[in-house]
>>> print(open('input_16.pdb').read())   # PDB, C-alpha atoms, pLDDT in the B column
MODEL        1
ATOM      1  CA  MET E   1       3.457  10.733  -4.158  1.00 45.00           C
ATOM      2  CA  PRO E   2       4.482  14.005  -2.448  1.00 46.00           C
ATOM      3  CA  ALA E   3       8.121  15.013  -2.122  1.00 46.00           C
ATOM      4  CA  LEU E   4       9.380  13.586   1.135  1.00 47.00           C
ATOM      5  CA  PRO E   5      10.821  16.112   3.601  1.00 47.00           C
ATOM      6  CA  LEU E   6      14.171  15.319   5.154  1.00 48.00           C
ATOM      7  CA  ASN E   7      13.231  16.384   8.681  1.00 49.00           C
ATOM      8  CA  LYS E   8      10.169  16.313  10.899  1.00 50.00           C
ATOM      9  CA  LYS E   9       9.770  20.099  10.966  1.00 56.00           C
ATOM     10  CA  GLU E  10       8.456  19.907   7.410  1.00 71.00           C
ATOM     11  CA  TYR E  11       5.658  17.454   8.311  1.00 79.00           C
ATOM     12  CA  GLU E  12       2.380  18.706   9.753  1.00 89.00           C
ATOM     13  CA  PHE E  13       2.024  15.663  12.053  1.00 93.00           C
ATOM     14  CA  THR E  14       4.201  12.746  13.138  1.00 93.00           C
ATOM     15  CA  TYR E  15       3.785   9.560  15.122  1.00 94.00           C
ATOM     16  CA  GLY E  16       4.771  11.503  18.258  1.00 93.00           C
ATOM     17  CA  ASP E  17       1.753  13.788  17.762  1.00 92.00           C
ATOM     18  CA  TYR E  18      -0.482  10.801  17.043  1.00 92.00           C
ATOM     19  CA  CYS E  19       0.483   9.130  20.332  1.00 90.00           C
ATOM     20  CA  ASN E  20      -0.615  12.226  22.255  1.00 90.00           C
ATOM     21  CA  TRP E  21      -4.063  12.622  20.689  1.00 90.00           C
ATOM     22  CA  ASN E  22      -6.856  11.674  23.093  1.00 83.00           C
ATOM     23  CA  ASP E  23     -10.058  12.526  21.256  1.00 78.00           C
ATOM     24  CA  ASP E  24     -11.422   8.931  21.119  1.00 77.00           C
ATOM     25  CA  LYS E  25     -11.140   8.866  17.327  1.00 82.00           C
ATOM     26  CA  ARG E  26      -9.043   6.538  15.190  1.00 85.00           C
ATOM     27  CA  TRP E  27      -6.482   8.329  13.029  1.00 91.00           C
ATOM     28  CA  GLU E  28      -3.912   7.558  10.384  1.00 93.00           C
ATOM     29  CA  ILE E  29      -1.095   9.880   9.345  1.00 95.00           C
ATOM     30  CA  ILE E  30       0.284   9.582   5.818  1.00 95.00           C
ATOM     31  CA  TYR E  31       3.314  11.740   4.956  1.00 94.00           C
ATOM     32  CA  GLY E  32       2.383  14.060   7.822  1.00 93.00           C
ATOM     33  CA  THR E  33      -1.290  14.478   6.837  1.00 93.00           C
ATOM     34  CA  ALA E  34      -3.895  13.240   9.341  1.00 93.00           C
ATOM     35  CA  TYR E  35      -6.889  11.155   8.198  1.00 91.00           C
ATOM     36  CA  ASP E  36      -9.875  10.549  10.484  1.00 86.00           C
ATOM     37  CA  MET E  37     -10.808   6.840  10.560  1.00 82.00           C
ATOM     38  CA  THR E  38     -14.189   7.282  12.281  1.00 73.00           C
ATOM     39  CA  PRO E  39     -16.995   6.216  12.168  1.00 78.00           C
ATOM     40  CA  ALA E  40     -16.568   2.506  12.844  1.00 79.00           C
ATOM     41  CA  PRO E  41     -16.846   0.217   9.791  1.00 84.00           C
ATOM     42  CA  SER E  42     -20.127  -1.462   8.841  1.00 89.00           C
ATOM     43  CA  ILE E  43     -21.093  -4.986   9.885  1.00 93.00           C
ATOM     44  CA  LYS E  44     -20.552  -6.161   6.274  1.00 94.00           C
ATOM     45  CA  HIS E  45     -17.020  -4.728   6.336  1.00 94.00           C
ATOM     46  CA  GLN E  46     -16.269  -6.420   9.662  1.00 95.00           C
ATOM     47  CA  SER E  47     -17.743  -9.758   8.560  1.00 96.00           C
ATOM     48  CA  ILE E  48     -15.568  -9.799   5.426  1.00 97.00           C
ATOM     49  CA  LEU E  49     -12.528  -8.693   7.399  1.00 97.00           C
ATOM     50  CA  GLY E  50     -13.114 -11.365  10.028  1.00 97.00           C
ATOM     51  CA  GLU E  51     -13.417 -14.177   7.475  1.00 98.00           C
ATOM     52  CA  ILE E  52     -10.223 -13.221   5.618  1.00 98.00           C
ATOM     53  CA  PHE E  53      -8.386 -12.904   8.928  1.00 98.00           C
ATOM     54  CA  ARG E  54      -9.708 -16.318  10.034  1.00 98.00           C
ATOM     55  CA  GLN E  55      -8.500 -18.050   6.870  1.00 98.00           C
ATOM     56  CA  ILE E  56      -5.023 -16.482   7.069  1.00 98.00           C
ATOM     57  CA  SER E  57      -4.746 -17.013  10.824  1.00 98.00           C
ATOM     58  CA  ASN E  58      -5.684 -20.688  10.552  1.00 98.00           C
ATOM     59  CA  TYR E  59      -3.039 -21.194   7.868  1.00 98.00           C
ATOM     60  CA  LEU E  60      -0.346 -19.514   9.969  1.00 98.00           C
ATOM     61  CA  VAL E  61      -0.756 -21.756  13.025  1.00 97.00           C
ATOM     62  CA  ASN E  62       2.729 -23.100  13.903  1.00 96.00           C
ATOM     63  CA  LYS E  63       4.369 -20.959  11.188  1.00 96.00           C
ATOM     64  CA  THR E  64       6.821 -18.069  11.508  1.00 96.00           C
ATOM     65  CA  CYS E  65       4.690 -15.339   9.950  1.00 98.00           C
ATOM     66  CA  GLN E  66       1.972 -13.527  11.892  1.00 98.00           C
ATOM     67  CA  VAL E  67      -1.275 -11.810  10.948  1.00 98.00           C
ATOM     68  CA  PHE E  68      -2.813  -8.815  12.709  1.00 98.00           C
ATOM     69  CA  VAL E  69      -6.170  -7.113  12.374  1.00 97.00           C
ATOM     70  CA  ALA E  70      -6.983  -3.410  12.852  1.00 94.00           C
ATOM     71  CA  PRO E  71      -6.591  -1.475  14.973  1.00 92.00           C
ATOM     72  CA  PHE E  72      -2.870  -2.238  14.703  1.00 96.00           C
ATOM     73  CA  ASP E  73      -0.319   0.525  14.128  1.00 97.00           C
ATOM     74  CA  VAL E  74       2.123   0.210  11.250  1.00 98.00           C
ATOM     75  CA  ARG E  75       4.819   2.901  11.371  1.00 98.00           C
ATOM     76  CA  LEU E  76       6.490   3.538   8.032  1.00 98.00           C
ATOM     77  CA  PRO E  77       9.659   5.605   8.520  1.00 96.00           C
ATOM     78  CA  GLU E  78      11.295   7.447   5.628  1.00 93.00           C
ATOM     79  CA  HIS E  79      14.836   8.180   6.828  1.00 87.00           C
ATOM     80  CA  ASN E  80      15.511   5.900   9.843  1.00 90.00           C
ATOM     81  CA  GLU E  81      14.094   8.634  12.071  1.00 93.00           C
ATOM     82  CA  ALA E  82      13.135   8.086  15.708  1.00 94.00           C
ATOM     83  CA  ASP E  83       9.609   6.771  16.308  1.00 93.00           C
ATOM     84  CA  ASP E  84       8.262  10.150  17.400  1.00 94.00           C
ATOM     85  CA  ASP E  85       9.434  11.653  14.095  1.00 94.00           C
ATOM     86  CA  VAL E  86       7.942   8.994  11.780  1.00 95.00           C
ATOM     87  CA  PRO E  87       5.599  10.811   9.348  1.00 95.00           C
ATOM     88  CA  THR E  88       3.377   7.835   8.512  1.00 97.00           C
ATOM     89  CA  VAL E  89       1.354   5.528  10.739  1.00 97.00           C
ATOM     90  CA  VAL E  90      -1.477   3.504   9.219  1.00 97.00           C
ATOM     91  CA  GLN E  91      -3.934   0.930  10.501  1.00 96.00           C
ATOM     92  CA  PRO E  92      -4.513  -1.470   7.607  1.00 97.00           C
ATOM     93  CA  ASP E  93      -7.441  -3.838   8.028  1.00 97.00           C
ATOM     94  CA  ILE E  94      -5.100  -6.853   7.887  1.00 98.00           C
ATOM     95  CA  VAL E  95      -1.299  -6.968   8.122  1.00 98.00           C
ATOM     96  CA  VAL E  96       0.925  -9.997   7.551  1.00 98.00           C
ATOM     97  CA  THR E  97       4.565  -9.881   8.592  1.00 98.00           C
ATOM     98  CA  CYS E  98       7.230 -12.556   8.532  1.00 98.00           C
ATOM     99  CA  ASP E  99       9.963 -10.434  10.144  1.00 97.00           C
ATOM    100  CA  LYS E 100       9.515 -10.536  13.922  1.00 96.00           C
ATOM    101  CA  SER E 101      12.303  -7.981  14.409  1.00 97.00           C
ATOM    102  CA  LYS E 102       9.894  -5.298  13.142  1.00 98.00           C
ATOM    103  CA  LEU E 103       7.377  -6.013  15.925  1.00 98.00           C
ATOM    104  CA  ASP E 104       7.312  -4.185  19.238  1.00 97.00           C
ATOM    105  CA  ASN E 105       4.767  -3.168  21.873  1.00 96.00           C
ATOM    106  CA  ARG E 106       3.559  -0.322  19.644  1.00 95.00           C
ATOM    107  CA  GLY E 107       2.854  -2.524  16.620  1.00 97.00           C
ATOM    108  CA  LEU E 108       5.059  -2.819  13.550  1.00 98.00           C
ATOM    109  CA  ARG E 109       7.883  -0.527  12.468  1.00 98.00           C
ATOM    110  CA  GLY E 110       8.713  -0.975   8.801  1.00 97.00           C
ATOM    111  CA  ALA E 111       7.006  -2.547   5.837  1.00 98.00           C
ATOM    112  CA  PRO E 112       4.916  -5.680   6.411  1.00 98.00           C
ATOM    113  CA  ASP E 113       4.930  -8.422   3.788  1.00 98.00           C
ATOM    114  CA  MET E 114       1.243  -8.031   2.948  1.00 98.00           C
ATOM    115  CA  VAL E 115      -1.582  -5.581   3.560  1.00 98.00           C
ATOM    116  CA  ILE E 116      -5.316  -6.035   2.971  1.00 98.00           C
ATOM    117  CA  GLU E 117      -7.777  -3.136   2.967  1.00 97.00           C
ATOM    118  CA  VAL E 118     -11.556  -3.670   2.878  1.00 97.00           C
ATOM    119  CA  LEU E 119     -13.166  -0.694   1.152  1.00 95.00           C
ATOM    120  CA  SER E 120     -15.762   1.457   2.848  1.00 90.00           C
ATOM    121  CA  PRO E 121     -17.351   4.669   1.539  1.00 86.00           C
ATOM    122  CA  ALA E 122     -15.167   6.752   3.860  1.00 84.00           C
ATOM    123  CA  THR E 123     -11.863   5.103   2.815  1.00 86.00           C
ATOM    124  CA  LEU E 124     -12.395   4.104  -0.837  1.00 89.00           C
ATOM    125  CA  LYS E 125     -10.447   6.926  -2.490  1.00 91.00           C
ATOM    126  CA  LYS E 126      -7.611   6.835   0.057  1.00 93.00           C
ATOM    127  CA  ASP E 127      -7.249   3.022  -0.142  1.00 94.00           C
ATOM    128  CA  MET E 128      -7.211   3.006  -3.942  1.00 95.00           C
ATOM    129  CA  THR E 129      -4.847   5.945  -4.489  1.00 95.00           C
ATOM    130  CA  VAL E 130      -2.954   7.303  -1.479  1.00 96.00           C
ATOM    131  CA  LYS E 131      -2.391   3.933   0.199  1.00 97.00           C
ATOM    132  CA  LEU E 132      -1.667   2.143  -3.076  1.00 97.00           C
ATOM    133  CA  ASN E 133       1.184   4.613  -3.722  1.00 97.00           C
ATOM    134  CA  LEU E 134       2.309   4.483  -0.086  1.00 97.00           C
ATOM    135  CA  TYR E 135       2.476   0.680   0.008  1.00 98.00           C
ATOM    136  CA  GLU E 136       4.330   0.550  -3.299  1.00 98.00           C
ATOM    137  CA  HIS E 137       6.798   3.214  -2.077  1.00 97.00           C
ATOM    138  CA  HIS E 138       7.525   1.112   1.026  1.00 98.00           C
ATOM    139  CA  LYS E 139       7.873  -2.051  -1.081  1.00 98.00           C
ATOM    140  CA  ILE E 140       5.078  -4.036   0.541  1.00 98.00           C
ATOM    141  CA  LYS E 141       5.123  -7.272  -1.448  1.00 98.00           C
ATOM    142  CA  GLU E 142       1.376  -7.775  -1.791  1.00 98.00           C
ATOM    143  CA  TYR E 143      -1.612  -5.446  -1.464  1.00 98.00           C
ATOM    144  CA  TRP E 144      -5.239  -6.603  -1.638  1.00 98.00           C
ATOM    145  CA  ILE E 145      -8.153  -4.203  -2.020  1.00 98.00           C
ATOM    146  CA  VAL E 146     -11.430  -5.937  -1.136  1.00 98.00           C
ATOM    147  CA  ASN E 147     -14.656  -4.426  -2.478  1.00 97.00           C
ATOM    148  CA  PRO E 148     -17.631  -5.600  -0.358  1.00 96.00           C
ATOM    149  CA  ASN E 149     -20.300  -4.084  -2.627  1.00 94.00           C
ATOM    150  CA  ASP E 150     -19.054  -5.552  -5.912  1.00 95.00           C
ATOM    151  CA  LYS E 151     -17.787  -8.726  -4.211  1.00 97.00           C
ATOM    152  CA  ASN E 152     -14.362  -8.626  -5.785  1.00 97.00           C
ATOM    153  CA  VAL E 153     -10.707  -8.310  -4.870  1.00 98.00           C
ATOM    154  CA  MET E 154      -7.899  -6.452  -6.648  1.00 98.00           C
ATOM    155  CA  VAL E 155      -4.459  -7.918  -5.978  1.00 98.00           C
ATOM    156  CA  PHE E 156      -1.259  -5.932  -6.509  1.00 98.00           C
ATOM    157  CA  ILE E 157       2.071  -7.797  -6.470  1.00 98.00           C
ATOM    158  CA  LEU E 158       5.409  -5.987  -6.199  1.00 98.00           C
ATOM    159  CA  GLY E 159       7.531  -6.800  -9.235  1.00 96.00           C
ATOM    160  CA  LYS E 160      11.290  -7.063  -9.622  1.00 95.00           C
ATOM    161  CA  ASN E 161      11.253  -3.413 -10.705  1.00 96.00           C
ATOM    162  CA  LYS E 162       9.872  -2.526  -7.204  1.00 96.00           C
ATOM    163  CA  LYS E 163       6.576  -1.380  -8.756  1.00 97.00           C
ATOM    164  CA  TYR E 164       3.148  -2.954  -8.449  1.00 97.00           C
ATOM    165  CA  SER E 165       1.974  -4.978 -11.395  1.00 93.00           C
ATOM    166  CA  LYS E 166      -1.379  -4.298 -12.965  1.00 96.00           C
ATOM    167  CA  PRO E 167      -3.943  -5.690 -10.564  1.00 97.00           C
ATOM    168  CA  SER E 168      -5.375  -9.161 -10.876  1.00 97.00           C
ATOM    169  CA  TYR E 169      -9.132  -9.311 -10.261  1.00 98.00           C
ATOM    170  CA  TYR E 170     -10.916 -12.061  -8.372  1.00 98.00           C
ATOM    171  CA  PHE E 171     -14.633 -12.562  -7.817  1.00 98.00           C
ATOM    172  CA  SER E 172     -16.872 -14.337  -5.327  1.00 95.00           C
ATOM    173  CA  ASP E 173     -16.397 -17.830  -6.844  1.00 95.00           C
ATOM    174  CA  ASP E 174     -12.603 -17.550  -6.986  1.00 97.00           C
ATOM    175  CA  LYS E 175      -9.866 -18.789  -4.661  1.00 98.00           C
ATOM    176  CA  PRO E 176      -6.917 -16.423  -5.159  1.00 98.00           C
ATOM    177  CA  GLN E 177      -3.526 -17.475  -3.852  1.00 97.00           C
ATOM    178  CA  ILE E 178      -1.584 -15.234  -1.513  1.00 97.00           C
ATOM    179  CA  SER E 179       1.702 -14.969  -3.388  1.00 96.00           C
ATOM    180  CA  ILE E 180       3.945 -14.645  -0.323  1.00 96.00           C
ATOM    181  CA  PHE E 181       2.992 -18.219   0.631  1.00 96.00           C
ATOM    182  CA  GLU E 182       3.280 -21.369  -1.465  1.00 91.00           C
ATOM    183  CA  ASP E 183      -0.075 -22.911  -0.689  1.00 95.00           C
ATOM    184  CA  LEU E 184      -2.488 -20.423   0.867  1.00 97.00           C
ATOM    185  CA  THR E 185      -5.616 -19.588  -1.073  1.00 97.00           C
ATOM    186  CA  ILE E 186      -8.530 -17.510   0.168  1.00 98.00           C
ATOM    187  CA  ASN E 187     -12.003 -18.895  -0.486  1.00 98.00           C
ATOM    188  CA  LEU E 188     -13.908 -15.789  -1.595  1.00 98.00           C
ATOM    189  CA  ARG E 189     -17.221 -17.647  -1.520  1.00 97.00           C
ATOM    190  CA  ASP E 190     -16.860 -17.781   2.267  1.00 97.00           C
ATOM    191  CA  VAL E 191     -15.613 -14.183   2.408  1.00 98.00           C
ATOM    192  CA  PHE E 192     -18.614 -12.782   0.518  1.00 97.00           C
ATOM    193  CA  LYS E 193     -21.268 -15.217   1.760  1.00 91.00           C
ATOM    194  CA  LYS E 194     -23.441 -12.514   3.403  1.00 68.00           C
TER     195      LYS E 194
ENDMDL
END
>>> encode(input="input_16.pdb", output="structure tokens")
Amino acid sequence: MPALPLNKKEYEFTYGDYCNWNDDKRWEIIYGTAYDMTPAPSIKHQSILGEIFRQISNYLVNKTCQVFVAPFDVRLPEHNEADDDVPTVVQPDIVVTCDKSKLDNRGLRGAPDMVIEVLSPATLKKDMTVKLNLYEHHKIKEYWIVNPNDKNVMVFILGKNKKYSKPSYYFSDDKPQISIFEDLTINLRDVFKK
């Protein structure tokens, strides 16, 4: 993880810059570095994403926590800076938050409880390295990396030491439990059915 500057002048881009871009592309900014999110994901990616979202969303009916699907901005401040000065804004494929005070009209400010990223050729390296370190740094309790091609899921759980454990691996016949809930499992057979 890069050294974190103490003021916005040391970042190349911030959330304030991001809000003023109008080039019809999707962007993320991580520690002041911009990442182009275009082109749009494949139909396989979207099918997998939709099924995971459906299973979580159905479970959360009449519960406090909420689930959101990309595009949905998650601002991750470093030093309680104003929104325009936040150096990191990401659009995870799926976000689960149980703290409604972090939600506003712009999305979520602060760490969600869970993030799920579905790999694509354009995002594979970033999701497995840069975002893994970012989500651990911001103490996101659970991070799933879904691999559509190999039909598996890597699950990282934040330990008491505030570091991610070694990943647990799940395959297309498995039903991994989401650790932030007592009784929610995801049926991967349905997720990877296509």
>>> atom_distance(input="input_16.pdb", atom1="CA of Tyr31 in chain E", atom2="CA of Tyr11 in chain E")
7.0 Å
>>> residues_around(input="input_16.pdb", residues="Asp23 in chain E", least_positions_apart="4", cutoff="12 Å", atoms="all atoms listed in the file", output="list of chain:residue names")
E:Tyr18, E:Cys19, E:Trp27, E:Asp36, E:Thr38
>>> residues_around(input="input_16.pdb", residues="Glu117 in chain E", least_positions_apart="5", cutoff="9 Å", atoms="only C-alpha atoms", output="PDB file with C-alpha atoms, in the coordinates of the input")
ATOM      1  CA  LEU E  49     -12.528  -8.693   7.399  1.00 97.00           C
ATOM      2  CA  PRO E  92      -4.513  -1.470   7.607  1.00 97.00           C
ATOM      3  CA  ASP E  93      -7.441  -3.838   8.028  1.00 97.00           C
ATOM      4  CA  ILE E  94      -5.100  -6.853   7.887  1.00 98.00           C
ATOM      5  CA  ASP E 127      -7.249   3.022  -0.142  1.00 94.00           C
ATOM      6  CA  TYR E 143      -1.612  -5.446  -1.464  1.00 98.00           C
ATOM      7  CA  TRP E 144      -5.239  -6.603  -1.638  1.00 98.00           C
ATOM      8  CA  ILE E 145      -8.153  -4.203  -2.020  1.00 98.00           C
ATOM      9  CA  VAL E 146     -11.430  -5.937  -1.136  1.00 98.00           C
ATOM     10  CA  ASN E 147     -14.656  -4.426  -2.478  1.00 97.00           C
TER      11      ASN E 147
END
>>> closest_residue(input="input_16.pdb", among="E:Ile48, E:Leu124, E:Met114, E:Val130", to="Leu158 in chain E", atoms="all atoms listed in the file")
E:Met114
>>> resolve_selection(input="input_16.pdb", expression="the PyMOL selection byres ((chain E and resi 71) around 6)", output="tab-separated table (two decimals) with C-alpha atoms, keeping the file's coordinate frame")
chain	number	residue	atom	x	y	z
E	70	ALA	CA	-6.98	-3.41	12.85
E	72	PHE	CA	-2.87	-2.24	14.70
E	91	GLN	CA	-3.93	0.93	10.50
>>> residues_around(input="input_16.pdb", residues="range 74-78 of chain E", least_positions_apart="3", cutoff="8 Å", atoms="only C-alpha atoms", output="list in words")
Leu4, Tyr15, Glu81, Asp83, Val86, Pro87, Thr88, Val89, Val90, Gln91, Pro92, Gly107, Leu108, Arg109, Gly110, Ala111 and His138 of chain E
>>> resolve_selection(input="input_16.pdb", expression="the PyMOL selection byres ((chain E and resi 161-172) around 7)", output="PDB file with C-alpha atoms, in the coordinates of the input")
ATOM      1  CA  GLU E 136       4.330   0.550  -3.299  1.00 98.00           C
ATOM      2  CA  LYS E 139       7.873  -2.051  -1.081  1.00 98.00           C
ATOM      3  CA  LYS E 151     -17.787  -8.726  -4.211  1.00 97.00           C
ATOM      4  CA  ASN E 152     -14.362  -8.626  -5.785  1.00 97.00           C
ATOM      5  CA  VAL E 153     -10.707  -8.310  -4.870  1.00 98.00           C
ATOM      6  CA  MET E 154      -7.899  -6.452  -6.648  1.00 98.00           C
ATOM      7  CA  VAL E 155      -4.459  -7.918  -5.978  1.00 98.00           C
ATOM      8  CA  PHE E 156      -1.259  -5.932  -6.509  1.00 98.00           C
ATOM      9  CA  ILE E 157       2.071  -7.797  -6.470  1.00 98.00           C
ATOM     10  CA  LEU E 158       5.409  -5.987  -6.199  1.00 98.00           C
ATOM     11  CA  GLY E 159       7.531  -6.800  -9.235  1.00 96.00           C
ATOM     12  CA  LYS E 160      11.290  -7.063  -9.622  1.00 95.00           C
ATOM     13  CA  ASP E 173     -16.397 -17.830  -6.844  1.00 95.00           C
ATOM     14  CA  ASP E 174     -12.603 -17.550  -6.986  1.00 97.00           C
ATOM     15  CA  PRO E 176      -6.917 -16.423  -5.159  1.00 98.00           C
ATOM     16  CA  LEU E 188     -13.908 -15.789  -1.595  1.00 98.00           C
ATOM     17  CA  ARG E 189     -17.221 -17.647  -1.520  1.00 97.00           C
ATOM     18  CA  PHE E 192     -18.614 -12.782   0.518  1.00 97.00           C
TER      19      PHE E 192
END
>>> atom_distance(input="input_16.pdb", atom1="CA of Val115 in chain E", atom2="CA of Cys98 in chain E")
12.3 Å
>>> resolve_selection(input="input_16.pdb", expression="the PyMOL selection byres ((chain E and resi 57) around 12)", output="list in words")
Leu49, Gly50, Glu51, Ile52, Phe53, Arg54, Gln55, Ile56, Asn58, Tyr59, Leu60, Val61, Asn62, Lys63, Thr64, Cys65, Gln66, Val67, Phe68, Val69, Ile94, Val95, Val96, Thr97, Leu184 and Ile186 of chain E
>>> write_last_selection(input="input_16.pdb", atoms="C-alpha atoms", output="PDB file, in the frame of the given file")
ATOM      1  CA  LEU E  49     -12.528  -8.693   7.399  1.00 97.00           C
ATOM      2  CA  GLY E  50     -13.114 -11.365  10.028  1.00 97.00           C
ATOM      3  CA  GLU E  51     -13.417 -14.177   7.475  1.00 98.00           C
ATOM      4  CA  ILE E  52     -10.223 -13.221   5.618  1.00 98.00           C
ATOM      5  CA  PHE E  53      -8.386 -12.904   8.928  1.00 98.00           C
ATOM      6  CA  ARG E  54      -9.708 -16.318  10.034  1.00 98.00           C
ATOM      7  CA  GLN E  55      -8.500 -18.050   6.870  1.00 98.00           C
ATOM      8  CA  ILE E  56      -5.023 -16.482   7.069  1.00 98.00           C
ATOM      9  CA  ASN E  58      -5.684 -20.688  10.552  1.00 98.00           C
ATOM     10  CA  TYR E  59      -3.039 -21.194   7.868  1.00 98.00           C
ATOM     11  CA  LEU E  60      -0.346 -19.514   9.969  1.00 98.00           C
ATOM     12  CA  VAL E  61      -0.756 -21.756  13.025  1.00 97.00           C
ATOM     13  CA  ASN E  62       2.729 -23.100  13.903  1.00 96.00           C
ATOM     14  CA  LYS E  63       4.369 -20.959  11.188  1.00 96.00           C
ATOM     15  CA  THR E  64       6.821 -18.069  11.508  1.00 96.00           C
ATOM     16  CA  CYS E  65       4.690 -15.339   9.950  1.00 98.00           C
ATOM     17  CA  GLN E  66       1.972 -13.527  11.892  1.00 98.00           C
ATOM     18  CA  VAL E  67      -1.275 -11.810  10.948  1.00 98.00           C
ATOM     19  CA  PHE E  68      -2.813  -8.815  12.709  1.00 98.00           C
ATOM     20  CA  VAL E  69      -6.170  -7.113  12.374  1.00 97.00           C
ATOM     21  CA  ILE E  94      -5.100  -6.853   7.887  1.00 98.00           C
ATOM     22  CA  VAL E  95      -1.299  -6.968   8.122  1.00 98.00           C
ATOM     23  CA  VAL E  96       0.925  -9.997   7.551  1.00 98.00           C
ATOM     24  CA  THR E  97       4.565  -9.881   8.592  1.00 98.00           C
ATOM     25  CA  LEU E 184      -2.488 -20.423   0.867  1.00 97.00           C
ATOM     26  CA  ILE E 186      -8.530 -17.510   0.168  1.00 98.00           C
TER      27      ILE E 186
END
>>> build_atoms(input="input_16.pdb", residues="range 116-122 of chain E", atoms="all heavy atoms", output="PDB file, keeping the file's coordinate frame")
ATOM      1  N   ILE E 116      -3.982  -5.910   3.563  1.00 98.00           N
ATOM      2  CA  ILE E 116      -5.316  -6.035   2.971  1.00 98.00           C
ATOM      3  C   ILE E 116      -6.165  -4.890   3.503  1.00 98.00           C
ATOM      4  O   ILE E 116      -6.200  -4.643   4.711  1.00 98.00           O
ATOM      5  CB  ILE E 116      -5.975  -7.387   3.323  1.00 98.00           C
ATOM      6  CG1 ILE E 116      -5.144  -8.547   2.760  1.00 98.00           C
ATOM      7  CG2 ILE E 116      -7.410  -7.436   2.795  1.00 98.00           C
ATOM      8  CD1 ILE E 116      -5.631  -9.920   3.180  1.00 98.00           C
ATOM      9  N   GLU E 117      -6.830  -4.178   2.596  1.00 97.00           N
ATOM     10  CA  GLU E 117      -7.777  -3.136   2.967  1.00 97.00           C
ATOM     11  C   GLU E 117      -9.149  -3.523   2.421  1.00 97.00           C
ATOM     12  O   GLU E 117      -9.276  -3.903   1.256  1.00 97.00           O
ATOM     13  CB  GLU E 117      -7.376  -1.778   2.385  1.00 97.00           C
ATOM     14  CG  GLU E 117      -6.024  -1.252   2.852  1.00 97.00           C
ATOM     15  CD  GLU E 117      -6.031  -0.655   4.245  1.00 97.00           C
ATOM     16  OE1 GLU E 117      -7.046  -0.782   4.963  1.00 97.00           O
ATOM     17  OE2 GLU E 117      -5.011  -0.053   4.621  1.00 97.00           O
ATOM     18  N   VAL E 118     -10.167  -3.442   3.276  1.00 97.00           N
ATOM     19  CA  VAL E 118     -11.556  -3.670   2.878  1.00 97.00           C
ATOM     20  C   VAL E 118     -12.168  -2.288   2.680  1.00 97.00           C
ATOM     21  O   VAL E 118     -12.184  -1.473   3.614  1.00 97.00           O
ATOM     22  CB  VAL E 118     -12.325  -4.478   3.931  1.00 97.00           C
ATOM     23  CG1 VAL E 118     -13.769  -4.686   3.495  1.00 97.00           C
ATOM     24  CG2 VAL E 118     -11.643  -5.821   4.185  1.00 97.00           C
ATOM     25  N   LEU E 119     -12.648  -2.020   1.475  1.00 95.00           N
ATOM     26  CA  LEU E 119     -13.166  -0.694   1.152  1.00 95.00           C
ATOM     27  C   LEU E 119     -14.419  -0.364   1.953  1.00 95.00           C
ATOM     28  O   LEU E 119     -15.249  -1.224   2.227  1.00 95.00           O
ATOM     29  CB  LEU E 119     -13.504  -0.596  -0.336  1.00 95.00           C
ATOM     30  CG  LEU E 119     -12.343  -0.736  -1.319  1.00 95.00           C
ATOM     31  CD1 LEU E 119     -12.874  -0.663  -2.749  1.00 95.00           C
ATOM     32  CD2 LEU E 119     -11.283   0.325  -1.078  1.00 95.00           C
ATOM     33  N   SER E 120     -14.535   0.907   2.298  1.00 90.00           N
ATOM     34  CA  SER E 120     -15.762   1.457   2.848  1.00 90.00           C
ATOM     35  C   SER E 120     -15.943   2.812   2.184  1.00 90.00           C
ATOM     36  O   SER E 120     -14.988   3.364   1.628  1.00 90.00           O
ATOM     37  CB  SER E 120     -15.669   1.588   4.368  1.00 90.00           C
ATOM     38  OG  SER E 120     -14.684   2.531   4.709  1.00 90.00           O
ATOM     39  N   PRO E 121     -17.153   3.376   2.199  1.00 86.00           N
ATOM     40  CA  PRO E 121     -17.351   4.669   1.539  1.00 86.00           C
ATOM     41  C   PRO E 121     -16.378   5.741   2.025  1.00 86.00           C
ATOM     42  O   PRO E 121     -15.892   6.548   1.238  1.00 86.00           O
ATOM     43  CB  PRO E 121     -18.797   5.027   1.889  1.00 86.00           C
ATOM     44  CG  PRO E 121     -19.465   3.706   2.086  1.00 86.00           C
ATOM     45  CD  PRO E 121     -18.413   2.820   2.707  1.00 86.00           C
ATOM     46  N   ALA E 122     -16.047   5.727   3.302  1.00 84.00           N
ATOM     47  CA  ALA E 122     -15.167   6.752   3.860  1.00 84.00           C
ATOM     48  C   ALA E 122     -13.705   6.578   3.462  1.00 84.00           C
ATOM     49  O   ALA E 122     -12.934   7.537   3.494  1.00 84.00           O
ATOM     50  CB  ALA E 122     -15.295   6.766   5.382  1.00 84.00           C
TER      51      ALA E 122
END
